[in-house]
>>> print(open('protein-v6.cif').read())   # mmCIF, C-alpha atoms
data_protein
loop_
_atom_site.label_atom_id
_atom_site.label_comp_id
_atom_site.auth_asym_id
_atom_site.auth_seq_id
_atom_site.Cartn_x
_atom_site.Cartn_y
_atom_site.Cartn_z
CA MET A 983 63.21 96.76 -11.44
CA VAL A 984 66.92 96.34 -11.57
CA THR A 985 68.41 92.91 -12.07
CA ALA A 986 71.15 92.32 -9.52
CA GLN A 987 74.60 92.32 -11.04
CA ARG A 988 76.18 88.94 -10.46
CA ASN A 989 79.85 88.34 -9.99
CA PHE A 990 79.64 84.92 -11.61
CA ASP A 991 77.96 83.04 -14.43
CA PRO A 992 75.46 80.59 -12.84
CA ALA A 993 75.59 78.17 -15.78
CA GLN A 994 79.37 77.99 -15.53
CA VAL A 995 79.26 77.38 -11.77
CA TRP A 996 76.74 74.55 -12.20
CA THR A 997 79.03 72.98 -14.80
CA ILE A 998 81.96 73.25 -12.39
CA LEU A 999 79.88 71.61 -9.63
CA GLU A 1000 79.31 68.63 -11.95
CA GLU A 1001 82.99 67.83 -11.42
CA VAL A 1002 82.42 67.13 -7.71
CA LYS A 1003 81.54 63.44 -7.38
CA ASP A 1004 80.10 61.49 -4.47
CA PRO A 1005 83.05 59.61 -2.94
CA GLU A 1006 80.90 56.50 -2.37
CA ILE A 1007 79.22 56.54 -5.79
CA PRO A 1008 81.78 58.16 -8.09
CA VAL A 1009 79.51 58.08 -11.16
CA LEU A 1010 77.20 60.64 -9.57
CA SER A 1011 77.95 64.33 -9.11
CA ILE A 1012 76.49 66.49 -6.36
CA VAL A 1013 74.28 68.02 -9.07
CA ASP A 1014 72.93 64.57 -10.12
CA LEU A 1015 72.22 63.77 -6.48
CA GLY A 1016 70.45 67.06 -5.81
CA ILE A 1017 72.87 67.86 -2.99
CA ALA A 1018 73.83 71.20 -4.60
CA ARG A 1019 70.71 73.34 -4.22
CA GLU A 1020 71.53 76.90 -5.12
CA VAL A 1021 74.34 79.20 -6.26
CA LYS A 1022 74.21 82.90 -5.38
CA ASP A 1023 76.16 85.97 -4.29
CA THR A 1024 76.77 86.73 -0.64
CA PRO A 1025 76.19 90.37 0.41
CA GLY A 1026 79.99 90.63 0.48
CA GLY A 1027 80.22 89.60 -3.18
CA GLN A 1028 81.55 86.05 -2.62
CA LEU A 1029 80.16 83.05 -4.45
CA GLU A 1030 77.88 81.01 -2.20
CA VAL A 1031 76.88 77.40 -2.84
CA VAL A 1032 74.01 75.98 -0.79
CA ILE A 1033 74.05 72.23 -0.17
CA SER A 1034 71.62 69.85 1.54
CA PRO A 1035 72.93 66.67 3.22
CA THR A 1036 71.43 63.34 2.18
CA TYR A 1037 71.58 61.94 5.75
CA SER A 1038 72.40 63.72 9.03
CA GLY A 1039 75.31 61.41 9.69
CA CYS A 1040 76.58 61.10 6.13
CA PRO A 1041 80.37 60.97 6.56
CA ALA A 1042 80.88 62.22 2.99
CA MET A 1043 79.47 65.70 3.67
CA ASN A 1044 82.64 67.22 5.16
CA MET A 1045 84.65 65.78 2.32
CA LEU A 1046 82.22 67.09 -0.30
CA GLU A 1047 82.35 70.56 1.23
CA GLU A 1048 86.13 70.56 0.92
CA GLN A 1049 85.96 69.25 -2.64
CA ILE A 1050 83.47 71.93 -3.67
CA ARG A 1051 85.73 74.59 -2.19
CA GLU A 1052 88.86 73.25 -3.88
CA THR A 1053 87.15 72.81 -7.24
CA LEU A 1054 85.77 76.34 -7.22
CA ILE A 1055 89.13 77.80 -6.17
CA HIS A 1056 90.76 75.83 -8.96
CA HIS A 1057 88.35 77.44 -11.44
CA GLY A 1058 89.10 80.94 -10.25
CA TYR A 1059 86.60 81.59 -7.46
CA PRO A 1060 89.05 82.48 -4.69
CA ASP A 1061 86.89 82.50 -1.59
CA PRO A 1062 83.65 80.52 -1.99
CA VAL A 1063 81.17 80.15 0.87
CA ILE A 1064 79.53 76.73 1.35
CA THR A 1065 76.29 76.79 3.34
CA THR A 1066 74.36 73.76 4.59
CA ARG A 1067 70.56 73.87 4.44
CA LEU A 1068 68.49 71.23 6.28
CA SER A 1069 64.99 72.36 5.34
CA PRO A 1070 63.37 71.39 3.07
CA ALA A 1071 64.97 68.05 3.84
CA TRP A 1072 66.79 66.32 1.00
CA THR A 1073 64.68 63.81 -0.89
CA THR A 1074 65.52 61.26 -3.56
CA ASP A 1075 63.01 63.11 -5.77
CA TRP A 1076 65.76 65.70 -6.27
CA MET A 1077 67.96 63.17 -8.02
CA SER A 1078 68.11 63.88 -11.76
CA GLU A 1079 66.83 61.41 -14.34
CA ALA A 1080 70.33 61.27 -15.81
CA GLY A 1081 71.61 60.50 -12.31
CA LYS A 1082 69.16 57.62 -11.91
CA GLN A 1083 70.24 56.12 -15.22
CA LYS A 1084 73.92 56.41 -14.29
CA LEU A 1085 73.15 54.79 -10.95
CA GLU A 1086 71.47 51.79 -12.57
CA ALA A 1087 74.28 51.38 -15.11
CA TYR A 1088 76.69 51.38 -12.15
CA GLY A 1089 74.80 48.44 -10.59
CA ILE A 1090 72.73 50.25 -7.95
CA ALA A 1091 68.94 50.18 -8.27
CA PRO A 1092 67.73 53.80 -8.38
CA PRO A 1093 65.09 55.08 -5.93
CA GLU A 1094 61.42 54.88 -6.82
CA LYS A 1095 59.70 58.04 -7.92
CA SER A 1096 58.26 60.05 -5.01
CA THR A 1097 57.26 58.13 -1.93
CA THR A 1098 53.49 57.98 -1.61
CA ASN A 1099 53.28 55.37 1.12
CA LYS A 1100 53.54 57.39 4.34
CA SER A 1101 52.74 54.54 6.70
CA VAL A 1102 55.63 54.02 9.05
CA LEU A 1103 55.01 50.50 10.16
CA PHE A 1104 54.70 47.54 7.87
CA GLY A 1105 54.88 49.79 4.84
CA GLY A 1106 54.23 47.85 1.65
CA GLN A 1107 57.48 46.68 0.13
CA LYS A 1108 58.32 48.53 -3.02
CA LYS A 1109 59.01 46.63 -6.19
CA VAL A 1110 62.68 47.02 -6.97
CA SER A 1111 64.13 45.90 -10.30
CA CYS A 1112 67.46 44.11 -10.47
CA PRO A 1113 70.00 46.48 -12.06
CA GLN A 1114 71.76 43.49 -13.68
CA CYS A 1115 69.01 41.43 -15.34
CA LYS A 1116 66.04 43.87 -14.88
CA SER A 1117 63.91 41.20 -13.20
CA ASP A 1118 61.29 42.43 -10.72
CA HIS A 1119 61.60 39.13 -8.87
CA THR A 1120 63.74 40.52 -6.03
CA GLU A 1121 63.70 40.54 -2.24
CA GLN A 1122 65.06 42.77 0.48
CA ILE A 1123 67.87 41.30 2.56
CA SER A 1124 68.29 44.29 4.87
CA GLU A 1125 66.72 47.71 5.34
CA PHE A 1126 70.28 49.05 5.53
CA GLY A 1127 73.13 48.63 3.05
CA SER A 1128 76.75 49.57 2.61
CA THR A 1129 76.08 53.27 3.19
CA ALA A 1130 73.32 55.22 4.97
CA CYS A 1131 71.52 55.93 1.69
CA LYS A 1132 71.22 52.32 0.52
CA ALA A 1133 69.37 49.09 1.35
CA LEU A 1134 70.49 45.57 0.46
CA TYR A 1135 68.51 43.43 -2.01
CA ARG A 1136 68.95 40.20 -3.89
CA CYS A 1137 67.67 39.13 -7.29
CA LEU A 1138 65.79 35.82 -7.17
CA ASP A 1139 66.35 35.20 -10.88
CA CYS A 1140 70.01 35.99 -11.55
CA ARG A 1141 70.87 35.51 -7.85
CA GLU A 1142 73.02 38.65 -7.68
CA PRO A 1143 72.88 40.71 -4.51
CA PHE A 1144 72.64 44.45 -5.16
CA ASP A 1145 72.29 47.83 -3.47
CA TYR A 1146 69.06 49.80 -3.70
CA PHE A 1147 69.20 53.57 -3.26
CA LYS A 1148 66.57 54.12 -0.54
CA CYS A 1149 63.66 56.36 -1.34
CA ILE A 1150 63.31 59.12 1.26
CA MET B 58 66.94 77.63 39.59
CA THR B 59 67.42 81.04 38.05
CA GLU B 60 65.36 81.61 34.94
CA LEU B 61 67.36 81.15 31.76
CA THR B 62 67.16 83.58 28.87
CA GLN B 63 65.30 82.11 25.93
CA GLN B 64 68.54 81.60 23.99
CA GLN B 65 70.16 79.81 26.94
CA ALA B 66 67.10 77.61 27.28
CA ILE B 67 67.15 76.77 23.56
CA SER B 68 70.83 75.88 23.85
CA ARG B 69 70.15 73.50 26.76
CA TYR B 70 67.18 72.03 24.97
CA ALA B 71 69.10 71.33 21.77
CA ALA B 72 71.93 69.74 23.79
CA GLN B 73 69.46 67.61 25.76
CA ILE B 74 67.95 66.18 22.57
CA GLY B 75 71.45 65.72 21.15
CA ASP B 76 72.52 63.79 24.28
CA ASN B 77 69.85 61.18 23.61
CA GLY B 78 71.14 60.63 20.09
CA LEU B 79 74.82 60.62 20.98
CA ILE B 80 74.50 58.20 23.90
CA ILE B 81 72.26 55.62 22.26
CA GLY B 82 74.26 56.03 19.05
CA HIS B 83 77.48 55.33 20.96
CA ARG B 84 75.90 52.31 22.63
CA MET B 85 74.89 50.89 19.26
CA SER B 86 78.35 51.51 17.83
CA GLU B 87 79.63 49.13 20.53
CA TRP B 88 78.07 46.34 18.44
CA CYS B 89 80.69 46.92 15.76
CA PHE B 90 82.43 43.56 15.04
CA LYS B 91 80.05 41.78 17.43
CA ALA B 92 76.67 41.66 15.65
CA PRO B 93 75.15 38.24 14.76
CA THR B 94 75.45 38.78 10.99
CA ILE B 95 77.20 41.33 8.80
CA GLU B 96 73.86 42.69 7.52
CA MET B 97 72.68 43.34 11.07
CA GLU B 98 75.97 44.93 11.95
CA MET B 99 75.61 47.32 9.00
CA ALA B 100 72.04 48.06 10.02
CA LEU B 101 73.02 48.96 13.57
CA MET B 102 75.96 51.07 12.40
CA ASN B 103 73.67 52.88 9.94
CA CYS B 104 71.22 53.69 12.74
CA ALA B 105 74.08 54.77 15.00
CA LEU B 106 75.43 57.02 12.27
CA ASP B 107 72.04 58.70 11.84
CA LEU B 108 71.67 59.24 15.57
CA ILE B 109 75.17 60.62 16.03
CA GLY B 110 74.71 62.80 12.93
CA GLN B 111 71.54 64.23 14.44
CA ALA B 112 73.42 64.86 17.70
CA ARG B 113 76.09 66.77 15.77
CA GLU B 114 73.49 69.09 14.24
CA LEU B 115 71.87 69.62 17.62
CA TYR B 116 75.17 70.28 19.45
CA THR B 117 76.27 72.70 16.75
CA TYR B 118 73.02 74.58 17.16
CA ALA B 119 73.30 74.44 20.97
CA GLY B 120 76.65 76.19 20.57
CA VAL B 121 75.22 78.87 18.29
CA ALA B 122 72.18 79.51 20.52
CA GLY B 123 74.28 79.59 23.68
CA GLY B 124 76.40 82.43 22.27
CA GLU B 125 79.57 81.33 24.06
CA GLY B 126 81.35 80.07 20.97
CA LYS B 127 81.04 76.38 21.91
CA LYS B 128 81.44 73.78 19.18
CA GLU B 129 79.88 70.34 18.82
CA ASP B 130 82.98 68.67 20.28
CA ASP B 131 82.72 70.78 23.46
CA PHE B 132 79.36 69.19 24.13
CA ALA B 133 80.36 65.62 23.28
CA TYR B 134 83.85 65.48 24.74
CA LEU B 135 84.29 68.16 27.38
CA ARG B 136 81.26 67.91 29.61
CA ASP B 137 81.01 65.79 32.74
CA GLU B 138 78.50 63.13 33.58
CA GLN B 139 75.97 65.40 35.34
CA ASP B 140 75.86 67.75 32.33
CA PHE B 141 74.47 65.04 30.05
CA ARG B 142 70.66 65.05 30.02
CA ASN B 143 69.76 62.00 27.99
CA ASN B 144 66.93 59.66 28.91
CA LEU B 145 68.29 56.76 30.96
CA LEU B 146 66.95 54.33 28.34
CA ALA B 147 69.64 55.56 25.94
CA GLU B 148 72.52 54.53 28.22
CA VAL B 149 71.54 51.06 29.44
CA PRO B 150 74.02 48.40 28.32
CA ASN B 151 73.47 46.57 25.04
CA GLY B 152 72.74 43.22 26.72
CA ASP B 153 71.75 40.58 24.20
CA TRP B 154 70.31 41.15 20.71
CA GLY B 155 66.79 41.29 22.16
CA ASP B 156 67.73 44.02 24.66
CA THR B 157 69.30 46.10 21.90
CA ILE B 158 66.30 45.70 19.59
CA VAL B 159 63.78 46.50 22.34
CA ARG B 160 65.73 49.58 23.43
CA LEU B 161 65.93 50.80 19.81
CA PHE B 162 62.26 50.02 19.28
CA PHE B 163 61.09 51.95 22.36
CA MET B 164 63.35 54.88 21.47
CA SER B 165 62.46 54.91 17.76
CA ALA B 166 58.73 54.78 18.47
CA PHE B 167 59.33 57.83 20.66
CA ASN B 168 61.67 59.61 18.21
CA ASN B 169 59.21 59.16 15.38
CA LEU B 170 56.55 61.13 17.28
CA PHE B 171 59.04 63.52 18.83
CA TYR B 172 60.71 64.63 15.61
CA LYS B 173 57.37 64.93 13.84
CA ALA B 174 56.31 67.39 16.58
CA LEU B 175 59.70 69.15 16.63
CA SER B 176 59.42 69.83 12.89
CA GLN B 177 56.54 72.16 13.86
CA SER B 178 58.67 74.11 16.38
CA LYS B 179 58.58 77.91 16.20
CA ASP B 180 62.38 77.76 16.27
CA THR B 181 63.24 77.33 12.60
CA GLN B 182 66.54 75.52 13.10
CA LEU B 183 65.04 73.00 15.55
CA ALA B 184 62.17 72.54 13.10
CA ALA B 185 64.64 71.90 10.25
CA ILE B 186 66.57 69.34 12.33
CA GLY B 187 63.26 67.70 13.24
CA GLU B 188 62.20 67.48 9.60
CA LYS B 189 65.54 65.97 8.58
CA SER B 190 65.75 63.50 11.49
CA LEU B 191 62.20 62.25 11.07
CA LYS B 192 63.01 60.66 7.72
CA GLU B 193 65.83 58.71 9.37
CA VAL B 194 64.12 57.51 12.56
CA ILE B 195 61.21 56.10 10.54
CA TYR B 196 63.69 53.54 9.17
CA HIS B 197 64.89 52.73 12.71
CA LEU B 198 61.32 52.13 13.82
CA ARG B 199 60.58 49.85 10.90
CA PHE B 200 63.81 47.88 11.35
CA SER B 201 63.41 47.41 15.11
CA SER B 202 59.69 46.57 15.00
CA GLU B 203 60.20 43.95 12.30
CA TRP B 204 62.95 42.38 14.40
CA LEU B 205 60.83 42.46 17.53
CA ILE B 206 58.07 40.58 15.72
CA ARG B 207 60.58 38.04 14.44
CA LEU B 208 61.93 37.47 17.95
CA GLY B 209 58.59 37.45 19.77
CA ASP B 210 56.81 35.30 17.21
CA GLY B 211 59.87 33.11 16.71
CA THR B 212 61.14 30.20 18.75
CA GLU B 213 60.35 29.48 22.40
CA GLU B 214 63.82 30.72 23.30
CA SER B 215 63.64 33.97 21.28
CA HIS B 216 60.13 34.69 22.59
CA ALA B 217 61.16 34.22 26.21
CA ARG B 218 64.24 36.38 25.82
CA ALA B 219 62.39 39.16 23.98
CA GLN B 220 59.76 39.20 26.74
CA LYS B 221 62.50 39.41 29.35
CA SER B 222 64.03 42.39 27.49
CA ILE B 223 60.70 44.18 27.43
CA ASP B 224 60.05 43.51 31.11
CA SER B 225 63.48 44.70 32.17
CA LEU B 226 63.53 47.88 30.05
CA TRP B 227 59.96 48.95 30.78
CA MET B 228 60.97 50.92 33.87
CA TYR B 229 62.88 53.35 31.62
CA VAL B 230 59.89 54.15 29.43
CA GLY B 231 58.17 56.60 31.80
CA GLU B 232 61.03 59.09 31.70
CA LEU B 233 60.56 59.63 27.95
CA PHE B 234 57.26 61.37 28.68
CA THR B 235 58.37 63.68 31.50
CA MET B 236 59.09 67.38 30.99
CA SER B 237 62.42 68.89 32.04
CA ASP B 238 62.62 72.50 33.26
CA VAL B 239 63.83 73.84 29.90
CA GLU B 240 61.12 71.95 28.07
CA LYS B 241 58.50 73.52 30.34
CA GLN B 242 60.03 76.96 29.87
CA LEU B 243 60.07 76.73 26.07
CA LEU B 244 56.65 75.10 25.72
CA ALA B 245 54.68 78.34 26.07
CA ASP B 246 56.57 79.85 23.15
CA GLY B 247 55.86 76.87 20.92
CA ILE B 248 59.54 75.92 20.74
CA SER B 249 59.71 72.66 22.69
CA VAL B 250 57.67 69.51 22.23
CA ASP B 251 55.03 68.55 24.79
CA VAL B 252 56.35 65.03 25.35
CA GLU B 253 53.64 64.18 27.88
CA ALA B 254 51.15 64.44 25.05
CA LEU B 255 53.02 61.85 22.97
CA ARG B 256 52.44 58.93 25.30
CA GLU B 257 49.04 57.85 24.04
CA GLU B 258 50.17 57.49 20.43
CA TRP B 259 53.41 55.83 21.55
CA GLU B 260 51.36 53.24 23.47
CA HIS B 261 49.24 52.69 20.40
CA THR B 262 52.27 51.91 18.22
CA VAL B 263 53.94 49.75 20.87
CA ASN B 264 50.80 47.77 21.66
CA ARG B 265 50.24 47.08 18.00
CA VAL B 266 53.73 45.71 17.48
CA LEU B 267 53.73 43.73 20.75
CA ARG B 268 50.43 42.11 19.78
CA GLN B 269 51.81 41.05 16.44
CA ALA B 270 54.95 39.79 18.19
CA THR B 271 52.78 37.77 20.64
CA LEU B 272 54.51 39.61 23.51
CA HIS B 273 52.88 41.11 26.60
CA ARG B 274 52.89 44.75 27.57
CA PRO B 275 54.11 44.92 31.17
CA GLN B 276 52.01 46.53 33.91
CA ASP B 277 53.03 50.10 34.64
CA ASP B 278 54.89 50.09 37.91
CA TRP B 279 57.45 52.71 38.81
CA ALA B 280 59.66 54.67 36.44
CA MET B 281 63.38 55.34 36.69
CA LEU B 282 63.84 59.11 36.46
CA GLY B 283 66.64 61.59 36.88
CA GLY B 284 68.77 61.48 33.72
CA LYS B 285 67.01 64.08 31.66
CA ALA B 286 65.85 66.31 34.53
CA GLU B 287 68.93 66.31 36.76
CA GLY B 288 71.82 64.54 35.09
CA ARG B 289 71.65 61.66 37.61
CA HIS B 290 72.67 58.63 35.59
CA THR B 291 72.82 54.88 35.99
CA GLU B 292 76.08 53.30 37.12
CA HIS B 293 76.79 52.44 33.48
CA PHE B 294 77.15 55.99 32.25
CA GLY B 295 80.63 56.78 33.55
CA TYR B 296 82.09 53.98 31.45
CA ILE B 297 80.54 55.42 28.30
CA ILE B 298 82.12 58.86 28.63
CA THR B 299 85.40 57.43 29.86
CA ASP B 300 85.60 55.52 26.61
CA MET B 301 84.20 58.29 24.43
CA GLN B 302 86.15 61.21 25.90
CA TYR B 303 89.52 59.56 26.45
CA MET B 304 91.28 61.07 23.42
CA GLN B 305 90.11 64.64 24.03
CA ARG B 306 90.96 64.45 27.73
CA ARG B 307 94.39 62.97 27.08
CA TYR B 308 95.25 65.20 24.10
CA PRO B 309 93.16 68.37 24.55
CA GLY B 310 92.15 69.96 21.25
CA CYS B 311 93.37 67.06 19.15
CA GLU B 312 91.92 66.83 15.65
CA TRP B 313 92.21 64.21 12.94
#
>>> encode(input="protein-v6.cif", output="structure tokens")
Amino acid sequence: MVTAQRNFDPAQVWTILEEVKDPEIPVLSIVDLGIAREVKDTPGGQLEVVISPTYSGCPAMNMLEEQIRETLIHHGYPDPVITTRLSPAWTTDWMSEAGKQKLEAYGIAPPEKSTTNKSVLFGGQKKVSCPQCKSDHTEQISEFGSTACKALYRCLDCREPFDYFKCI
Amino acid sequence: MTELTQQQAISRYAAQIGDNGLIIGHRMSEWCFKAPTIEMEMALMNCALDLIGQARELYTYAGVAGGEGKKEDDFAYLRDEQDFRNNLLAEVPNGDWGDTIVRLFFMSAFNNLFYKALSQSKDTQLAAIGEKSLKEVIYHLRFSSEWLIRLGDGTEESHARAQKSIDSLWMYVGELFTMSDVEKQLLADGISVDVEALREEWEHTVNRVLRQATLHRPQDDWAMLGGKAEGRHTEHFGYIITDMQYMQRRYPGCEW
């Protein structure tokens, strides 16, 4: 078996991709978020980066695609190909542990680990900890928050409202 | 009607599903700056964004499958009224908060079952869009059903108005479960969803929420048809595309 000759160093490309941040949550990179899925060669020898959108209507996706392209060009990959993959659908389980910690330090409650409750209606409310005071005594204000990926909560102890990164 | 090639049929099918998302998504975006509270405004805009995002994926794929080099914008901005094949429920005016919630609830209860079935399509791209969209419409269903319960089981005024919304929108429900020609054509190949088969489970979900909301399910009477099958729309539709398509019609090919 012959190992395919690559035109790039995968570890270096992943490090470069760390530079591309989510415009709405600038502490997180597309690697932290699990948006960047794969780096590979195209049959034509170009560098290809496969990305999965968080939400169908996420307005940041076009911008991220441009930023990935510019960043790679800046680091000497002249003609990268960015491909969008819908299936398997993006899940918050792909977010890195480091990403979740950065999210909490930034003031956004990170998503729960893997969603086990599949019931659609009247799903049991998850316990969400306040990113400020760590209290579990919190309540949901709205299923939807400032961006498609977040819900709005409030802490009943320190009284601060906060965003919760929805678990999907 | 001359038989379409399978690729042509898939293109029409993808556009038809996309039309539902774009039109109801546009309707909900009309609530911008008008919703009762800022949280509810954000919720509706989030739902609208999901639905329009799904439409974009579907239109893009309709362009690829059709093989004529059409882009998503060609479908949204450069087709005429009779080319849009959304369910009429998607285009009815927003009315009051109750009307908007009931319309979203009926549609989300349908979308939840529809996208679950579409994720099993033999067409891999439609299946991928179904899988992605399902995660989003589940949130819409939860949001709208919780609101419907709050309205129905709320004050005398909110109960009466929610019941009125249900009664007046019920005539648009039947169309959701009818099969268009392209759906029939693609069903044998396992590509399209058999929407007739979804009705029973839809009723189950709706009845459960209505019971909890202390609201009554109306008697089935007659159903308004024609949007999805023939592109015959309500009198409200022309205003939607006039608003939506103005920029592209006035400045063809404009980008921003």
>>> resolve_selection(input="protein-v6.cif", expression="the PyMOL selection byres ((chain B) within 8 of (chain A))", output="ChimeraX atom specification")
/B:96-97,99-100,103,106-111,114,185-186,188-190,192-193,195-196,198-200,202-203
>>> residues_around(input="protein-v6.cif", residues="Ile1064 of chain A", least_positions_apart="6", cutoff="6 Å", atoms="only C-alpha atoms", output="list in words")
Glu1030, Val1031 and Val1032 of chain A
>>> closest_residue(input="protein-v6.cif", among="A:Ile1050, A:Thr1074, A:Lys1148, A:Val1063", to="Lys1003 of chain A", atoms="all atoms listed in the file")
A:Ile1050
>>> resolve_selection(input="protein-v6.cif", expression="the PyMOL selection byres ((chain B and resi 174-181) around 9)", output="VMD selection string")
(chain A and resid 1069) or (chain B and resid 67 169 to 173 182 to 189 191 246 to 251)
>>> atom_distance(input="protein-v6.cif", atom1="atom CA of Val266 of chain B", atom2="atom CA of Ala217 of chain B")
16.2 Å
>>> resolve_selection(input="protein-v6.cif", expression="the PyMOL selection byres ((chain B and resi 125-138) around 10)", output="VMD selection string")
chain B and resid 65 72 75 to 76 79 to 80 112 to 124 139 to 142 284 288 to 290 294 to 295 297 to 299 301 to 306 309 to 310
>>> atom_distance(input="protein-v6.cif", atom1="atom CA of Arg256 of chain B", atom2="atom CA of Asp210 of chain B")
25.4 Å
>>> residues_around(input="protein-v6.cif", residues="Leu233 of chain B", least_positions_apart="5", cutoff="12 Å", atoms="only C-alpha atoms", output="PyMOL selection string")
chain B and resi 74+77+142-147+163-168+170-171+227-228+250-256+259+280-286
>>> residues_near_point(input="protein-v6.cif", point="(77.0, 61.0, -9.9)", cutoff="9 Å", atoms="all atoms listed in the file", output="list in words")
Glu1000, Val1002, Lys1003, Asp1004, Ile1007, Pro1008, Val1009, Leu1010, Ser1011, Ile1012, Val1013, Asp1014, Leu1015, Ala1080, Gly1081, Lys1082, Lys1084 and Leu1085 of chain A
>>> atom_distance(input="protein-v6.cif", atom1="atom CA of His216 of chain B", atom2="atom CA of Leu267 of chain B")
11.2 Å
>>> closest_residue(input="protein-v6.cif", among="B:His197, B:Arg160, B:Arg218, B:Arg307", to="Ala105 of chain B", atoms="only C-alpha atoms")
B:His197
>>> residues_near_point(input="protein-v6.cif", point="(70.1, 66.3, -4.4)", cutoff="6 Å", atoms="only C-alpha atoms", output="PDB file with C-alpha atoms, in the frame of the given file")
ATOM      1  CA  LEU A1015      72.220  63.770  -6.480  1.00  0.00           C
ATOM      2  CA  GLY A1016      70.450  67.060  -5.810  1.00  0.00           C
ATOM      3  CA  ILE A1017      72.870  67.860  -2.990  1.00  0.00           C
ATOM      4  CA  TRP A1076      65.760  65.700  -6.270  1.00  0.00           C
ATOM      5  CA  MET A1077      67.960  63.170  -8.020  1.00  0.00           C
TER       6      MET A1077
END
>>> closest_residue(input="protein-v6.cif", among="A:Gly1026, A:Pro1143, A:Pro1093, A:Pro1062", to="Gln1049 of chain A", atoms="all atoms listed in the file")
A:Pro1062
>>> residues_around(input="protein-v6.cif", residues="Cys1137 of chain A", least_positions_apart="6", cutoff="9 Å", atoms="all atoms listed in the file", output="PyMOL selection string")
chain A and resi 1111-1112+1114-1115+1117-1122+1143-1144
>>> decode(input="protein-v6.cif", residues="segment 241-255 of chain B", atoms="N, CA and C atoms", output="PDB file, in the first residue's frame")
ATOM      1  N   LYS B 241     -45.654  12.750  -6.598  1.00  0.00           N
ATOM      2  CA  LYS B 241     -46.127  11.418  -7.012  1.00  0.00           C
ATOM      3  C   LYS B 241     -45.084  10.737  -7.884  1.00  0.00           C
ATOM      4  N   GLN B 242     -44.514  11.521  -8.809  1.00  0.00           N
ATOM      5  CA  GLN B 242     -43.529  10.929  -9.729  1.00  0.00           C
ATOM      6  C   GLN B 242     -42.305  10.388  -8.977  1.00  0.00           C
ATOM      7  N   LEU B 243     -41.855  11.128  -7.972  1.00  0.00           N
ATOM      8  CA  LEU B 243     -40.612  10.754  -7.280  1.00  0.00           C
ATOM      9  C   LEU B 243     -40.823   9.749  -6.146  1.00  0.00           C
ATOM     10  N   LEU B 244     -42.103   9.508  -5.814  1.00  0.00           N
ATOM     11  CA  LEU B 244     -42.387   8.631  -4.673  1.00  0.00           C
ATOM     12  C   LEU B 244     -41.921   7.197  -4.925  1.00  0.00           C
ATOM     13  N   ALA B 245     -42.172   6.706  -6.153  1.00  0.00           N
ATOM     14  CA  ALA B 245     -41.820   5.316  -6.474  1.00  0.00           C
ATOM     15  C   ALA B 245     -40.329   5.064  -6.333  1.00  0.00           C
ATOM     16  N   ASP B 246     -39.524   6.099  -6.572  1.00  0.00           N
ATOM     17  CA  ASP B 246     -38.072   5.918  -6.473  1.00  0.00           C
ATOM     18  C   ASP B 246     -37.547   6.171  -5.052  1.00  0.00           C
ATOM     19  N   GLY B 247     -38.448   6.425  -4.131  1.00  0.00           N
ATOM     20  CA  GLY B 247     -38.019   6.637  -2.749  1.00  0.00           C
ATOM     21  C   GLY B 247     -37.352   7.985  -2.531  1.00  0.00           C
ATOM     22  N   ILE B 248     -37.625   8.942  -3.416  1.00  0.00           N
ATOM     23  CA  ILE B 248     -36.974  10.254  -3.295  1.00  0.00           C
ATOM     24  C   ILE B 248     -37.864  11.241  -2.547  1.00  0.00           C
ATOM     25  N   SER B 249     -39.159  11.259  -2.877  1.00  0.00           N
ATOM     26  CA  SER B 249     -40.043  12.233  -2.222  1.00  0.00           C
ATOM     27  C   SER B 249     -40.701  11.610  -0.993  1.00  0.00           C
ATOM     28  N   VAL B 250     -41.277  12.487  -0.193  1.00  0.00           N
ATOM     29  CA  VAL B 250     -41.957  12.053   1.031  1.00  0.00           C
ATOM     30  C   VAL B 250     -43.437  11.830   0.732  1.00  0.00           C
ATOM     31  N   ASP B 251     -43.985  10.755   1.252  1.00  0.00           N
ATOM     32  CA  ASP B 251     -45.426  10.509   1.124  1.00  0.00           C
ATOM     33  C   ASP B 251     -46.135  11.347   2.184  1.00  0.00           C
ATOM     34  N   VAL B 252     -46.528  12.569   1.796  1.00  0.00           N
ATOM     35  CA  VAL B 252     -47.091  13.480   2.811  1.00  0.00           C
ATOM     36  C   VAL B 252     -48.480  13.043   3.286  1.00  0.00           C
ATOM     37  N   GLU B 253     -49.193  12.295   2.436  1.00  0.00           N
ATOM     38  CA  GLU B 253     -50.513  11.810   2.866  1.00  0.00           C
ATOM     39  C   GLU B 253     -50.376  10.949   4.117  1.00  0.00           C
ATOM     40  N   ALA B 254     -49.269  10.224   4.180  1.00  0.00           N
ATOM     41  CA  ALA B 254     -49.060   9.299   5.297  1.00  0.00           C
ATOM     42  C   ALA B 254     -48.679  10.015   6.591  1.00  0.00           C
ATOM     43  N   LEU B 255     -48.418  11.326   6.509  1.00  0.00           N
ATOM     44  CA  LEU B 255     -47.980  12.046   7.712  1.00  0.00           C
ATOM     45  C   LEU B 255     -49.145  12.575   8.544  1.00  0.00           C
TER      46      LEU B 255
END
